[in-house]
Amino acid sequence: MSSLLGGVTLAGLVAGLVLGFGIAPREATQGNVQRIMYLHVPSVWVAYLAFAVVLVASIVYLVRRAESADRLAHASAEVGVLFTGLTIATGSIWGKPTWGTWWTWDARLTTVSILFVMYLGYLLLRGMIEDRERGARFAAVLGIVAAFNIPLVHFSVYWWRTLHQPPSLMKPGPGTMPGVIVTALLVNFAAFTLLYAYFVTRRARVLRLEAEAEA
Amino acid sequence: MTFARRAFVVVWKDLLVERRSKETLNALFFFGLLLLFVFQFALGPDRERLAGTLPGLLWLGFILSGLLGLGRTFVVERENDCWEGLLLAPGDKSAIYVGKLAGNLLLMLVIETILLVLFGFFFNLDLTNVLPALAVVIALGTVALAAVGTLFAAMTAQVRARELLFPVLLLPVEAPVLLATVKATEAVLLGETLGSVAHWLKLLAAADVVYVAVGVLTFDFVMEG
């Protein structure tokens with residue numbers, strides 16, 4: 001099952017890369033640099049998806065006390081932090097040639113970096129508690145606080161002036177992107193989501209085996 | 001006993017302990033004074049630069065003393081062997097949270113008032129005209145700080161390396177509160193009305209509601225073990 005998911009994910013990633021870096025047209029003003037969008041935007045989507053899963057799994061854990069929900073939250077948080085890091089890294093690489101700087105305290109960069117440190121703290125808390133049940137409970141509480149904090153982070157940072165280009169997808173009005181770019185982006189979205197599912201199932205399995213080995 | 005009564009008992013107990021020992025308040029007063037010295041040494045005597053950084057410095061002072069004060073909320077119960085006694089209190093645990101939160105709010109507001117007076121004295125500021133508006137911003141911001149701080153303090157009191165973990169968990173979560181309070185304080189100190197910072201005040205009010213609600217709802221889970 002998991003190797004099937006892995007295979008489909010790999011095929012999706014390859015297709016996404018070929019579409020984004022080969023077939024999609026070169027952007028007129030930014031040139032080839034703009035192609036990093038095909039990695040950058042799906043990464044941030046996966047990060048938000050992962051943190052939403054942490055929220056749901058945390059609530060389920062506190063209500064049902066199912067260890068599988070705790071392992072799902074743990075695995076999802078780790079993958080979320082990874083993809084938040086990837087978002088920051090790909091964004092920096094994109095920002096240097098287009099904005100002339102690796103880093104700027106622009107609204108969305110700040111938002112993502114706050115999420116990054118918030119969930120790093122979540123993983124740190126998990127690492128500091130030996131007692132498995134207590135660690136799961138505290139992490140669930142923090143996972144809920146952090147998720148409810150995301151809209152507040154968003155709005156507080158939104159009121160700063162922004163350098164970032166406005167979102168190209170999911171905005172009102174007719175789209176401005178040619179079809180092939182949209183297709184390439186959507187394929188990458190699907191592939192990254194599969195990659196997320198693959199990572200989380202693998203990580204949750206390792207966590208389960210660790211717990212069994214300890215018991 | 002009603003919920004309010006149970007929460008009140010916790011506040012009363014904490015205030016009584018604090019009145020007799022005075023350890024937290026004395027130490028925090030001294031810490032605030034030291035912070036002012038440090039700010040002054042770091043920035044030098046240039047008054048314009050001081051004025052520009054004042055809102056940030058003020059909230060830096062509040063949050064640093066808050067970290068020290070809030071972090072001790074539940075540690076003192078462990079040190080005094082009162083942890084089990086606290087857990088044995090009848091009814092659901094969120095009354096303990098509300099009581100501890102109220103006590104922390106009082107403590108922080110006292111410290112913040114002292115810090116504000118010290119800032120005014122050492123940096124030669126006249127704050128009388130902006131005081132009502134400033135008080136609104138400080139009150140809204142302090143509730144948000146104390147609400148999450150009290151919840152996290154209950155968790156970290158049961159964890160090793162708590163002195164390290166508490167600020168590391170609290171600071172990122174409080175990032176929106178800090179942004180909002182510093183920006184609102186900046187505007188208020190420049191003599192602008194509260195209406196001009198209404199969006200920040202609304203954000204702070206939303207944060208207060210969300211944090212207190214999540215604290216009340218999840219506190220039971222924190223105090224289980």
# chains A, B, ... in the order shown; residues from 1 in each chain; ligands from 1

call {"tool": "interface_residues", "arguments": {"of": "chain B", "to": "chain A", "cutoff": "10 Å", "atoms": "only C-alpha atoms", "output": "number ranges by chain"}}
result
B: 148, 151-152, 154-156, 158-162, 165-180, 183, 199-200, 203-204, 206-207, 210-211, 214-215, 217-219, 221-225

call {"tool": "residues_around", "arguments": {"residues": "Ala69 in chain A", "least_positions_apart": "5", "cutoff": "12 Å", "atoms": "only C-alpha atoms", "output": "list of chain:residue names"}}
result
A:Val53, A:Val54, A:Leu55, A:Val56, A:Ala57, A:Ser58, A:Ile59, A:Val60, A:Tyr61, A:Leu62, A:Val63, A:Arg64, A:His74, A:Ala75, A:Ser76, A:Ala136, A:Arg137, A:Ala139, A:Ala140, A:Val200, A:Thr201, A:Ala204, A:Leu207, A:Arg208

call {"tool": "residues_around", "arguments": {"residues": "Leu101 in chain B", "least_positions_apart": "4", "cutoff": "7 Å", "atoms": "only C-alpha atoms", "output": "ChimeraX atom specification"}}
result
/B:97,105,146-147,150

call {"tool": "residues_around", "arguments": {"residues": "Ala95 in chain B", "least_positions_apart": "4", "cutoff": "10 Å", "atoms": "only C-alpha atoms", "output": "VMD selection string"}}
result
chain B and resid 2 to 10 89 to 91 99 to 101 216 219 to 220

call {"tool": "residues_around", "arguments": {"residues": "range 53-68 of chain B", "least_positions_apart": "5", "cutoff": "7 Å", "atoms": "only C-alpha atoms", "output": "PDB file with C-alpha atoms, in the first residue's frame"}}
result
ATOM      1  CA  LEU B  28      10.325  41.967  39.114  1.00  0.00           C
ATOM      2  CA  GLY B  32      12.457  46.243  35.464  1.00  0.00           C
ATOM      3  CA  LEU B  35      16.107  46.555  32.022  1.00  0.00           C
ATOM      4  CA  MET B 108       1.513  42.100  35.321  1.00  0.00           C
ATOM      5  CA  GLU B 112       3.648  47.437  33.887  1.00  0.00           C
ATOM      6  CA  PRO B 167       9.839  31.529  26.481  1.00  0.00           C
ATOM      7  CA  VAL B 182       3.771  47.952  19.581  1.00  0.00           C
ATOM      8  CA  THR B 185       1.400  52.093  21.348  1.00  0.00           C
ATOM      9  CA  GLU B 186       3.459  53.891  18.708  1.00  0.00           C
TER      10      GLU B 186
END

call {"tool": "atom_distance", "arguments": {"atom1": "CA of Leu13 in chain A", "atom2": "CA of Ala191 in chain A"}}
result
5.3 Å

call {"tool": "residues_around", "arguments": {"residues": "Thr193 in chain B", "least_positions_apart": "5", "cutoff": "8 Å", "atoms": "only C-alpha atoms", "output": "compact mmCIF listing (two decimals) with C-alpha atoms, in the first residue's frame"}}
result
# COMPACT_ATOMS: atom_id res chain seq x y z
CA ALA B 133 -5.53 55.54 25.40
CA ALA B 187 0.37 55.63 17.34
CA VAL B 188 -0.97 56.48 20.78

call {"tool": "closest_residue", "arguments": {"among": "B:Ile111, B:Val75, B:Val130, B:Leu15", "to": "Ala27 in chain B", "atoms": "only C-alpha atoms"}}
result
B:Ile111

call {"tool": "atom_distance", "arguments": {"atom1": "CA of Arg126 in chain A", "atom2": "CA of Ala77 in chain A"}}
result
10.6 Å

call {"tool": "atom_distance", "arguments": {"atom1": "CA of Phe30 in chain B", "atom2": "CA of Leu190 in chain B"}}
result
28.9 Å

call {"tool": "select_by_dssp", "arguments": {"residues": "chain A", "states": "alpha helix (DSSP H)", "output": "ChimeraX atom specification"}}
result
/A:2-18,37-64,67-99,107-128,132-158,179-214
